[in-house]
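Raw data06.json, JSON, C-alpha atoms and all ligand atoms:
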```
[["chain", "number", "residue", "atom", "x", "y", "z"],
["A", 1, "MET", "CA", 68.78, -0.17, 53.81],
["A", 2, "THR", "CA", 68.38, -0.90, 57.52],
["A", 3, "VAL", "CA", 65.10, -1.47, 59.36],
["A", 4, "ILE", "CA", 65.10, -0.25, 62.96],
["A", 5, "ARG", "CA", 62.28, -1.22, 65.35],
["A", 6, "SER", "CA", 63.65, -0.05, 68.68],
["A", 7, "ALA", "CA", 63.40, 3.58, 69.80],
["A", 8, "LYS", "CA", 66.65, 3.29, 71.76],
["A", 9, "GLN", "CA", 68.50, 1.90, 68.76],
["A", 10, "MET", "CA", 67.10, 4.65, 66.50],
["A", 11, "ALA", "CA", 68.23, 7.37, 68.92],
["A", 12, "LEU", "CA", 71.69, 5.83, 69.14],
["A", 13, "VAL", "CA", 72.13, 5.55, 65.36],
["A", 14, "ALA", "CA", 70.81, 9.09, 64.71],
["A", 15, "ARG", "CA", 73.07, 10.66, 67.35],
["A", 16, "ARG", "CA", 76.06, 8.81, 65.95],
["A", 17, "LEU", "CA", 75.29, 10.10, 62.44],
["A", 18, "ARG", "CA", 74.88, 13.66, 63.70],
["A", 19, "ALA", "CA", 78.18, 13.40, 65.63],
["A", 20, "GLN", "CA", 79.81, 12.49, 62.30],
["A", 21, "GLY", "CA", 78.39, 15.72, 60.86],
["A", 22, "LYS", "CA", 75.87, 13.99, 58.59],
["A", 23, "ALA", "CA", 72.77, 15.80, 57.34],
["A", 24, "ILE", "CA", 69.74, 13.65, 58.15],
["A", 25, "GLY", "CA", 66.54, 13.99, 56.10],
["A", 26, "VAL", "CA", 63.45, 12.54, 57.75],
["A", 27, "VAL", "CA", 60.17, 11.64, 56.03],
["A", 28, "PRO", "CA", 57.44, 10.70, 58.52],
["A", 29, "THR", "CA", 54.74, 8.44, 57.06],
["A", 30, "MET", "CA", 52.07, 5.96, 58.05],
["A", 31, "GLY", "CA", 53.21, 3.56, 55.32],
["A", 32, "ALA", "CA", 51.15, 2.31, 52.36],
["A", 33, "LEU", "CA", 53.67, 4.33, 50.40],
["A", 34, "HIS", "CA", 52.75, 5.80, 47.03],
["A", 35, "GLU", "CA", 54.29, 8.23, 44.58],
["A", 36, "GLY", "CA", 53.50, 11.18, 46.90],
["A", 37, "HIS", "CA", 55.64, 9.66, 49.64],
["A", 38, "ALA", "CA", 58.32, 8.68, 47.10],
["A", 39, "SER", "CA", 58.58, 12.30, 45.92],
["A", 40, "LEU", "CA", 59.33, 13.38, 49.51],
["A", 41, "ILE", "CA", 61.94, 10.62, 49.95],
["A", 42, "ARG", "CA", 63.64, 11.55, 46.66],
["A", 43, "ALA", "CA", 63.73, 15.23, 47.66],
["A", 44, "ALA", "CA", 65.26, 14.25, 51.00],
["A", 45, "ALA", "CA", 67.88, 12.10, 49.25],
["A", 46, "VAL", "CA", 69.01, 15.03, 47.10],
["A", 47, "ARG", "CA", 70.12, 17.23, 49.97],
["A", 48, "ASN", "CA", 70.90, 14.93, 52.90],
["A", 49, "ASP", "CA", 73.61, 12.34, 53.58],
["A", 50, "VAL", "CA", 71.13, 9.91, 55.12],
["A", 51, "VAL", "CA", 67.36, 9.59, 54.62],
["A", 52, "ILE", "CA", 65.26, 8.08, 57.39],
["A", 53, "VAL", "CA", 61.68, 7.12, 56.50],
["A", 54, "THR", "CA", 59.48, 6.50, 59.50],
["A", 55, "ILE", "CA", 56.58, 4.09, 59.03],
["A", 56, "PHE", "CA", 54.19, 4.18, 61.95],
["A", 57, "VAL", "CA", 50.39, 4.05, 61.96],
["A", 58, "ASN", "CA", 49.96, 6.34, 64.93],
["A", 59, "PRO", "CA", 47.02, 5.28, 67.14],
["A", 60, "LEU", "CA", 47.07, 8.68, 68.88],
["A", 61, "GLN", "CA", 45.90, 10.56, 65.78],
["A", 62, "PHE", "CA", 42.89, 8.35, 65.00],
["A", 63, "GLY", "CA", 39.47, 8.93, 66.54],
["A", 64, "PRO", "CA", 37.58, 5.95, 68.01],
["A", 65, "SER", "CA", 35.29, 5.67, 64.95],
["A", 66, "GLU", "CA", 38.11, 6.08, 62.40],
["A", 67, "ASP", "CA", 40.02, 3.56, 60.30],
["A", 68, "PHE", "CA", 43.04, 2.73, 62.51],
["A", 69, "ALA", "CA", 42.43, -1.04, 62.48],
["A", 70, "ARG", "CA", 41.90, -1.33, 58.73],
["A", 71, "TYR", "CA", 44.50, 1.26, 57.63],
["A", 72, "PRO", "CA", 46.59, -0.52, 54.94],
["A", 73, "ARG", "CA", 49.97, -1.91, 56.14],
["A", 74, "PRO", "CA", 51.80, -3.38, 53.09],
["A", 75, "PHE", "CA", 55.18, -3.36, 54.86],
["A", 76, "THR", "CA", 57.26, -5.43, 52.42],
["A", 77, "ARG", "CA", 56.10, -3.37, 49.48],
["A", 78, "ASP", "CA", 56.80, -0.16, 51.46],
["A", 79, "LEU", "CA", 60.40, -1.28, 51.97],
["A", 80, "ARG", "CA", 60.83, -1.63, 48.20],
["A", 81, "VAL", "CA", 59.30, 1.80, 47.48],
["A", 82, "ALA", "CA", 61.37, 3.51, 50.17],
["A", 83, "ARG", "CA", 64.62, 1.87, 49.06],
["A", 84, "ALA", "CA", 64.02, 2.71, 45.39],
["A", 85, "ALA", "CA", 63.39, 6.36, 46.31],
["A", 86, "GLY", "CA", 66.63, 6.64, 48.30],
["A", 87, "ALA", "CA", 65.90, 5.76, 51.94],
["A", 88, "ALA", "CA", 68.84, 4.42, 53.98],
["A", 89, "ILE", "CA", 66.97, 3.69, 57.20],
["A", 90, "ILE", "CA", 63.38, 2.68, 57.93],
["A", 91, "PHE", "CA", 62.27, 3.41, 61.46],
["A", 92, "SER", "CA", 59.12, 1.40, 62.12],
["A", 93, "PRO", "CA", 58.51, 1.00, 65.85],
["A", 94, "ASP", "CA", 55.62, -0.80, 67.53],
["A", 95, "ALA", "CA", 53.17, 1.45, 69.37],
["A", 96, "HIS", "CA", 54.56, 0.39, 72.77],
["A", 97, "GLU", "CA", 58.07, 1.49, 71.69],
["A", 98, "LEU", "CA", 56.87, 5.07, 71.18],
["A", 99, "TYR", "CA", 54.22, 5.06, 73.89],
["A", 100, "PRO", "CA", 55.40, 2.74, 76.66],
["A", 101, "GLU", "CA", 53.18, 1.86, 79.61],
["A", 102, "GLY", "CA", 52.40, 5.04, 81.56],
["A", 103, "PHE", "CA", 53.05, 7.46, 78.66],
["A", 104, "GLN", "CA", 51.22, 10.74, 79.32],
["A", 105, "THR", "CA", 52.93, 13.74, 77.69],
["A", 106, "THR", "CA", 51.25, 15.25, 74.63],
["A", 107, "ILE", "CA", 51.87, 18.32, 72.49],
["A", 108, "ASP", "CA", 49.05, 20.77, 71.82],
["A", 109, "VAL", "CA", 49.61, 23.29, 69.04],
["A", 110, "GLY", "CA", 46.92, 25.92, 69.75],
["A", 111, "ALA", "CA", 44.70, 27.83, 67.33],
["A", 112, "LEU", "CA", 46.12, 26.43, 64.07],
["A", 113, "ALA", "CA", 45.21, 22.93, 65.18],
["A", 114, "ARG", "CA", 41.65, 23.71, 66.25],
["A", 115, "ARG", "CA", 39.95, 24.57, 62.97],
["A", 116, "TRP", "CA", 39.01, 22.40, 59.98],
["A", 117, "GLU", "CA", 40.50, 18.93, 60.45],
["A", 118, "GLY", "CA", 41.09, 19.65, 64.14],
["A", 119, "GLN", "CA", 37.46, 20.52, 64.71],
["A", 120, "ARG", "CA", 36.12, 17.44, 62.93],
["A", 121, "ARG", "CA", 38.74, 15.02, 64.23],
["A", 122, "SER", "CA", 39.00, 15.73, 67.91],
["A", 123, "GLY", "CA", 42.53, 15.13, 69.24],
["A", 124, "HIS", "CA", 43.89, 14.44, 65.74],
["A", 125, "PHE", "CA", 46.54, 17.16, 65.70],
["A", 126, "ARG", "CA", 47.51, 16.47, 69.30],
["A", 127, "GLY", "CA", 48.29, 12.95, 68.09],
["A", 128, "VAL", "CA", 50.17, 14.22, 65.04],
["A", 129, "ALA", "CA", 52.17, 16.85, 66.96],
["A", 130, "THR", "CA", 53.05, 14.37, 69.69],
["A", 131, "VAL", "CA", 54.25, 11.64, 67.36],
["A", 132, "VAL", "CA", 56.18, 14.04, 65.13],
["A", 133, "THR", "CA", 57.94, 15.52, 68.17],
["A", 134, "LEU", "CA", 58.87, 12.01, 69.36],
["A", 135, "LEU", "CA", 60.03, 11.00, 65.89],
["A", 136, "PHE", "CA", 62.15, 14.16, 65.57],
["A", 137, "GLU", "CA", 63.70, 13.50, 68.96],
["A", 138, "LEU", "CA", 64.58, 9.93, 68.01],
["A", 139, "THR", "CA", 65.76, 10.59, 64.43],
["A", 140, "GLN", "CA", 67.49, 13.99, 64.89],
["A", 141, "PRO", "CA", 66.64, 15.43, 61.46],
["A", 142, "THR", "CA", 68.43, 18.41, 59.96],
["A", 143, "HIS", "CA", 65.63, 18.50, 57.35],
["A", 144, "ALA", "CA", 62.10, 17.08, 57.55],
["A", 145, "TYR", "CA", 59.74, 16.60, 54.61],
["A", 146, "PHE", "CA", 55.95, 16.89, 54.49],
["A", 147, "GLY", "CA", 53.34, 16.99, 51.73],
["A", 148, "GLN", "CA", 51.17, 19.96, 50.89],
["A", 149, "LYS", "CA", 48.39, 17.35, 50.52],
["A", 150, "ASP", "CA", 47.87, 17.65, 54.28],
["A", 151, "TYR", "CA", 48.24, 21.41, 54.32],
["A", 152, "GLN", "CA", 46.91, 22.08, 57.81],
["A", 153, "GLN", "CA", 49.17, 19.34, 59.16],
["A", 154, "ALA", "CA", 52.16, 20.96, 57.48],
["A", 155, "ARG", "CA", 51.27, 24.32, 59.04],
["A", 156, "VAL", "CA", 50.84, 22.72, 62.46],
["A", 157, "ILE", "CA", 54.28, 21.16, 62.17],
["A", 158, "GLN", "CA", 55.89, 24.41, 61.02],
["A", 159, "GLN", "CA", 54.38, 26.09, 64.08],
["A", 160, "LEU", "CA", 55.53, 23.30, 66.38],
["A", 161, "VAL", "CA", 59.11, 23.46, 65.06],
["A", 162, "ARG", "CA", 59.13, 27.21, 65.51],
["A", 163, "ASP", "CA", 57.57, 27.26, 68.99],
["A", 164, "LEU", "CA", 59.82, 24.51, 70.35],
["A", 165, "HIS", "CA", 62.95, 25.98, 68.69],
["A", 166, "LEU", "CA", 63.66, 22.63, 67.03],
["A", 167, "PRO", "CA", 66.94, 22.84, 65.07],
["A", 168, "LEU", "CA", 65.67, 21.61, 61.70],
["A", 169, "THR", "CA", 64.21, 22.91, 58.45],
["A", 170, "VAL", "CA", 60.69, 21.87, 57.44],
["A", 171, "HIS", "CA", 60.08, 21.39, 53.71],
["A", 172, "VAL", "CA", 56.53, 21.26, 52.35],
["A", 173, "LEU", "CA", 56.40, 19.73, 48.87],
["A", 174, "PRO", "CA", 53.69, 19.80, 46.18],
["A", 175, "THR", "CA", 50.85, 17.29, 46.10],
["A", 176, "VAL", "CA", 51.36, 14.41, 43.69],
["A", 177, "ARG", "CA", 48.17, 13.57, 41.79],
["A", 178, "GLU", "CA", 46.65, 10.79, 39.72],
["A", 179, "PRO", "CA", 46.14, 11.54, 36.01],
["A", 180, "ASN", "CA", 42.52, 12.58, 36.75],
["A", 181, "GLY", "CA", 43.72, 15.10, 39.35],
["A", 182, "LEU", "CA", 42.83, 13.04, 42.44],
["A", 183, "ALA", "CA", 45.47, 13.66, 45.13],
["A", 184, "MET", "CA", 47.34, 10.44, 45.87],
["A", 185, "SER", "CA", 46.47, 9.08, 49.30],
["A", 186, "SER", "CA", 46.78, 5.76, 51.07],
["A", 187, "ARG", "CA", 43.04, 6.05, 51.69],
["A", 188, "ASN", "CA", 42.30, 6.06, 47.94],
["A", 189, "ALA", "CA", 42.62, 2.27, 48.27],
["A", 190, "TYR", "CA", 39.20, 2.33, 49.94],
["A", 191, "LEU", "CA", 37.51, 3.79, 46.81],
["A", 192, "SER", "CA", 35.56, 1.69, 44.31],
["A", 193, "ALA", "CA", 36.26, 2.38, 40.62],
["A", 194, "GLN", "CA", 33.10, 4.48, 40.45],
["A", 195, "GLU", "CA", 33.98, 6.46, 43.58],
["A", 196, "ARG", "CA", 37.51, 7.04, 42.32],
["A", 197, "ALA", "CA", 36.12, 8.54, 39.11],
["A", 198, "GLN", "CA", 33.73, 10.78, 41.08],
["A", 199, "ALA", "CA", 36.54, 11.86, 43.43],
["A", 200, "ALA", "CA", 38.06, 13.76, 40.49],
["A", 201, "VAL", "CA", 35.55, 16.57, 41.21],
["A", 202, "LEU", "CA", 37.57, 17.60, 44.27],
["A", 203, "TYR", "CA", 40.49, 18.79, 42.18],
["A", 204, "GLN", "CA", 38.15, 20.08, 39.48],
["A", 205, "ALA", "CA", 36.46, 22.28, 42.09],
["A", 206, "LEU", "CA", 39.83, 23.56, 43.32],
["A", 207, "THR", "CA", 41.03, 24.38, 39.82],
["A", 208, "LEU", "CA", 37.69, 25.99, 38.96],
["A", 209, "ALA", "CA", 38.11, 28.34, 41.93],
["A", 210, "ARG", "CA", 41.70, 29.07, 40.93],
["A", 211, "ALA", "CA", 40.63, 29.90, 37.36],
["A", 212, "ARG", "CA", 37.94, 32.29, 38.62],
["A", 213, "ILE", "CA", 40.44, 33.95, 40.96],
["A", 214, "ARG", "CA", 42.87, 34.38, 38.09],
["A", 215, "ALA", "CA", 40.01, 35.92, 36.09],
["A", 216, "GLY", "CA", 39.59, 38.52, 38.85],
["A", 217, "GLU", "CA", 37.07, 37.16, 41.38],
["A", 218, "ARG", "CA", 38.04, 38.25, 44.90],
["A", 219, "ARG", "CA", 34.90, 37.37, 46.89],
["A", 220, "ALA", "CA", 35.02, 34.06, 48.73],
["A", 221, "GLN", "CA", 31.26, 33.36, 48.73],
["A", 222, "PRO", "CA", 30.67, 33.06, 44.98],
["A", 223, "LEU", "CA", 33.82, 30.98, 44.65],
["A", 224, "LEU", "CA", 32.68, 28.58, 47.35],
["A", 225, "ALA", "CA", 29.19, 28.42, 45.84],
["A", 226, "SER", "CA", 30.51, 27.43, 42.43],
["A", 227, "MET", "CA", 32.78, 24.79, 43.97],
["A", 228, "ARG", "CA", 29.86, 23.41, 45.96],
["A", 229, "ARG", "CA", 27.70, 23.19, 42.83],
["A", 230, "LEU", "CA", 30.38, 21.33, 40.91],
["A", 231, "ILE", "CA", 31.06, 18.83, 43.70],
["A", 232, "ARG", "CA", 27.35, 18.13, 44.20],
["A", 233, "ARG", "CA", 27.07, 17.03, 40.59],
["A", 234, "ALA", "CA", 28.89, 13.84, 41.60],
["A", 235, "PRO", "CA", 26.09, 11.90, 43.34],
["A", 236, "GLN", "CA", 28.26, 9.94, 45.78],
["A", 237, "THR", "CA", 29.94, 13.01, 47.31],
["A", 238, "ARG", "CA", 29.03, 14.71, 50.57],
["A", 239, "ILE", "CA", 30.83, 17.93, 51.45],
["A", 240, "ASP", "CA", 32.26, 18.11, 54.97],
["A", 241, "TYR", "CA", 33.83, 21.57, 54.59],
["A", 242, "LEU", "CA", 34.94, 23.97, 51.86],
["A", 243, "ALA", "CA", 36.90, 27.04, 52.87],
["A", 244, "ILE", "CA", 39.06, 29.83, 51.53],
["A", 245, "VAL", "CA", 41.56, 30.78, 54.21],
["A", 246, "ASP", "CA", 44.68, 32.81, 54.83],
["A", 247, "ALA", "CA", 47.52, 30.41, 53.96],
["A", 248, "VAL", "CA", 49.42, 31.22, 57.17],
["A", 249, "THR", "CA", 46.75, 31.53, 59.86],
["A", 250, "LEU", "CA", 44.13, 29.27, 58.21],
["A", 251, "GLU", "CA", 41.46, 31.80, 59.22],
["A", 252, "PRO", "CA", 38.63, 32.11, 56.67],
["A", 253, "VAL", "CA", 38.40, 35.31, 54.62],
["A", 254, "SER", "CA", 35.50, 36.97, 52.83],
["A", 255, "ARG", "CA", 37.73, 38.88, 50.40],
["A", 256, "LEU", "CA", 40.83, 37.28, 48.95],
["A", 257, "ARG", "CA", 44.24, 38.86, 49.32],
["A", 258, "ARG", "CA", 47.86, 37.78, 49.49],
["A", 259, "ARG", "CA", 48.40, 34.05, 49.82],
["A", 260, "MET", "CA", 45.25, 31.94, 50.11],
["A", 261, "ALA", "CA", 44.65, 28.26, 50.70],
["A", 262, "ILE", "CA", 41.49, 26.67, 49.36],
["A", 263, "LEU", "CA", 40.72, 23.74, 51.64],
["A", 264, "LEU", "CA", 38.19, 20.97, 51.30],
["A", 265, "ALA", "CA", 37.10, 17.75, 52.93],
["A", 266, "VAL", "CA", 34.56, 15.64, 51.08],
["A", 267, "ARG", "CA", 33.18, 12.17, 51.63],
["A", 268, "VAL", "CA", 33.08, 10.05, 48.50],
["A", 269, "GLY", "CA", 30.89, 7.10, 49.43],
["A", 270, "PRO", "CA", 32.10, 6.18, 52.92],
["A", 271, "THR", "CA", 35.64, 7.50, 52.39],
["A", 272, "ARG", "CA", 36.63, 10.95, 53.64],
["A", 273, "LEU", "CA", 39.13, 12.75, 51.38],
["A", 274, "ILE", "CA", 40.91, 16.07, 51.83],
["A", 275, "ASP", "CA", 42.64, 18.28, 49.29],
["A", 276, "ASN", "CA", 43.75, 21.88, 48.87],
["A", 277, "LEU", "CA", 45.29, 24.40, 46.52],
["A", 278, "LEU", "CA", 47.44, 27.46, 47.27],
["A", 279, "VAL", "CA", 46.72, 30.61, 45.29],
["A", 280, "ASP", "CA", 48.66, 33.88, 45.25],
["A", 281, "VAL", "CA", 46.34, 36.84, 44.85],
["A", 282, "SER", "CA", 48.13, 39.90, 43.59],
["B", 301, "LIG", "P1", 50.72, 9.78, 55.45],
["B", 301, "LIG", "O1", 51.45, 8.49, 55.28],
["B", 301, "LIG", "O2", 49.42, 9.83, 54.73],
["B", 301, "LIG", "O3", 50.64, 10.21, 56.89],
["B", 301, "LIG", "O4", 51.61, 10.87, 54.73],
["B", 301, "LIG", "C1", 52.97, 11.02, 55.01],
["B", 301, "LIG", "C2", 53.48, 12.26, 54.34],
["B", 301, "LIG", "O5", 53.30, 12.16, 52.93],
["B", 301, "LIG", "C3", 52.72, 13.52, 54.79],
["B", 301, "LIG", "O6", 53.64, 14.58, 54.92],
["B", 301, "LIG", "C4", 51.77, 13.74, 53.66],
["B", 301, "LIG", "O7", 51.36, 15.08, 53.51],
["B", 301, "LIG", "C5", 52.60, 13.30, 52.48],
["B", 301, "LIG", "N1", 51.74, 12.97, 51.34],
["B", 301, "LIG", "C6", 50.63, 12.19, 51.36],
["B", 301, "LIG", "N2", 50.05, 12.17, 50.15],
["B", 301, "LIG", "C7", 50.79, 12.97, 49.35],
["B", 301, "LIG", "C8", 50.71, 13.38, 47.98],
["B", 301, "LIG", "N3", 49.73, 12.96, 47.18],
["B", 301, "LIG", "N4", 51.66, 14.20, 47.50],
["B", 301, "LIG", "C9", 52.65, 14.64, 48.30],
["B", 301, "LIG", "N5", 52.80, 14.30, 49.59],
["B", 301, "LIG", "C10", 51.89, 13.48, 50.12]]
```
Can I see the file as C-alpha cells?
Amino acid sequence: MTVIRSAKQMALVARRLRAQGKAIGVVPTMGALHEGHASLIRAAAVRNDVVIVTIFVNPLQFGPSEDFARYPRPFTRDLRVARAAGAAIIFSPDAHELYPEGFQTTIDVGALARRWEGQRRSGHFRGVATVVTLLFELTQPTHAYFGQKDYQQARVIQQLVRDLHLPLTVHVLPTVREPNGLAMSSRNAYLSAQERAQAAVLYQALTLARARIRAGERRAQPLLASMRRLIRRAPQTRIDYLAIVDAVTLEPVSRLRRRMAILLAVRVGPTRLIDNLLVDVS
C-alpha cells in the first residue's frame, strides 16, 4: 500500500492507472476508520483493479463552532484498517495541498443541499461538494463509494456527479451498525458509556416507524410523534430534526408513498448524531 501526500503526485498516478485501463474505486473518508468505512473499501476492492482511500479532515465542511480541531486522527491505525480491507493507495493530503493560497472556487449543489443538514450546518455541503469534486479530479475514479449513513450527503454527491457529467458510478452502501443498532460513526468516540447506550434510541425510533409503516400507517405526523416520544424517553437526548421525506428530492411529505427516507439528527449529551432508514411504501 502506498501513501500519497501530494496532489500532483496523486493526479499523475491516477492518470497513469487510467491510461493502463485500470478500474479505480475511490472511497473518500475523513479517517478514524471503522467497520462502516471498511465495508466500503471491501466493496470497492471487489469490482476495481485499484482502490484509493482518501483520508482528509476537510476544514471547508466544518462550521466555526464544530469539532474540526478535535476530530479524531488515528492515522497509523487507519493505514492498518484500510490495508486489511483492500486499499492499494491512501491519498492523505495536507489542507494546503488541496486548497493552496488563493483558492476560491467552490461547488454549490442547489436545493438538495439546503434542507436538513444544510440548513443547520451552513456551508457544510458546499465544503463536501467542493472537496469531493477535487478528490475525484485528482483520483480519477471509475467507481466511488459512499455510505447510506450520510444519506443527504450521498444524494448531494449523486446530483453533483449527474450535473457535472462526471464519468463515474456512485455506489451508496448500507449503514453498518453496532450490536445495539447505533450507526457506526467516527463521532461515536465522543460518547460516554451512558450516552452510547442512550443513543440506541435513534435506531429504535427508525425501526419503530418502519414497523408502523409496514403495518399500514401512511400518515407522517403520527409516525413522527411516536418516534419523538420514544427518543424523549432517553433523558440525555435532544432532537434537532425528525423528518419523513421523499428519498429522491428530500422534500417532506404528509402522506407516505413510493420510496421514503426517514431522517433524524439528535444530540446525545453534547454529541450530534445523524441516522436514517429507507422504506419502500407499496
Ligand atoms: P466520514 O469519514 O465520516 O466522512 O465517512 C466516509 C464515508 O463512510 C461516507 O461515505 C460515510 O457515509 C461512510 N460511512 C460512515 N459511517 C458509516 C457506516 N456506519 N456505515 C456505512 N458507511 C459509513
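Distances here use all atoms listed in the file; by that measure, the residue among A:Gln61, A:Thr105, A:Asn180, A:Thr29 closest to Ala200 of chain A is A:Asn180.
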For chain A against ligand LIG 301 (chain B), with a cut-off of 6 Å and counting all atoms listed in the file, what is the closest atom pair and its distance in Å to one decimal for every residue that makes the cut, ordered by chain and number, as a tab-separated table?
```
residue	atom	partner	partner_atom	distance
A:Pro28	CA	B:LIG301	C1	5.7
A:Thr29	CA	B:LIG301	C1	3.7
A:Met30	CA	B:LIG301	O1	3.8
A:Gly31	CA	B:LIG301	O1	5.2
A:Gly36	CA	B:LIG301	N4	3.6
A:His37	CA	B:LIG301	O5	4.7
A:Phe146	CA	B:LIG301	O6	3.3
A:Gly147	CA	B:LIG301	O7	3.3
A:Gln148	CA	B:LIG301	O7	5.5
A:Lys149	CA	B:LIG301	O7	4.8
A:Asp150	CA	B:LIG301	O7	4.4
A:Pro174	CA	B:LIG301	C9	5.7
A:Thr175	CA	B:LIG301	N4	3.5
A:Val176	CA	B:LIG301	N4	3.8
A:Arg177	CA	B:LIG301	N3	5.6
A:Ala183	CA	B:LIG301	N3	4.8
A:Met184	CA	B:LIG301	N3	3.7
A:Ser185	CA	B:LIG301	N2	4.8
```
Legend entry - Two-atom distance - atom CA of Arg115 of chain A, atom CA of Glu251 of chain A (Å): 8.3 Å
Inset, instruction - Between atom CA of Glu117 of chain A and atom CA of Phe62 of chain A, measure the distance and give it in Å to one decimal. - result: 11.8 Å
Inset, instruction - Please measure the separation of atom CA of Ala189 of chain A and atom CA of Arg70 of chain A, giving the value in Å to one decimal. - result: 11.1 Å
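The closest residue to Ser254 of chain A, picked from A:Leu273, A:Leu224, A:Leu160, A:Val281 and counting only C-alpha atoms, is A:Leu224.
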Inset, instruction - Return the single residue from A:Gly216, A:Gly127, A:Gly118, A:Pro270 that is closest to Gln104 of chain A, with distances computed using all atoms listed in the file. - result: A:Gly127
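Nearest residue to Ala95 of chain A, choosing from A:Leu264, A:Ala82, A:Ile55, A:Leu206 and counting all atoms listed in the file: A:Ile55.
Counting only C-alpha atoms, segment 83-86 of chain A has the following residues at most 6 Å away, ignoring those fewer than 6 positions along the same chain: Ala38, Ile41, Arg42 and Ala45 of chain A.
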Given the selection you just returned, output its residues as a file containing C-alpha atoms, formatted as a compact mmCIF listing (two decimals), in the coordinates of the input.
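Contents of the output file result_21.txt:
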```txt
# COMPACT_ATOMS: atom_id res chain seq x y z
CA ALA A 38 58.32 8.68 47.10
CA ILE A 41 61.94 10.62 49.95
CA ARG A 42 63.64 11.55 46.66
CA ALA A 45 67.88 12.10 49.25
```
Legend entry - For Glu97 of chain A, the nearest of the candidates A:Ile24, A:Val172, A:Leu112, A:Ile4, counting only C-alpha atoms: A:Ile4
Inset, instruction - Choose the residue, out of A:Leu164, A:Ala7, A:Ile244, A:Ile262, that has the smallest atom-to-atom separation from Ser92 of chain A; count all atoms listed in the file. - result: A:Ala7
Legend entry - Who sits within 9 Å of Ala220 of chain A, all atoms listed in the file, same chain under 6 positions skipped, as number ranges by chain: A: 243-244, 252-256
Legend entry - Answer as a list in words, residues within 6 Å of (66.2, 14.2, 52.9) using all atoms listed in the file: Gly25, Val26, Ala43, Ala44, Ala45, Arg47, Asn48 and Val51 of chain A
Legend entry - 10 Å contact set for Leu98 of chain A, all atoms listed in the file, chain neighbours under 3 positions out, as a PyMOL selection string: chain A and resi 6-8+56+58+93-95+101+103+131+134-135+138
Inset, instruction - Take the point (40.0, 12.1, 67.9) as written in the file and pick out every residue within 6 Å of it, counting all atoms listed in the file; give the list as a ChimeraX atom specification. - result: /A:62-63,121-124
Enclose the full set of atoms of segment 246-256 of chain A listed in the file within a box whose edges lie along x, y and z, apply 6 Å of padding to each of the six sides, and report centre and edge lengths in Å to one decimal as JSON.
```
{"center_x": 42.5, "center_y": 34.1, "center_z": 54.4, "size_x": 25.9, "size_y": 21.6, "size_z": 22.9}
```
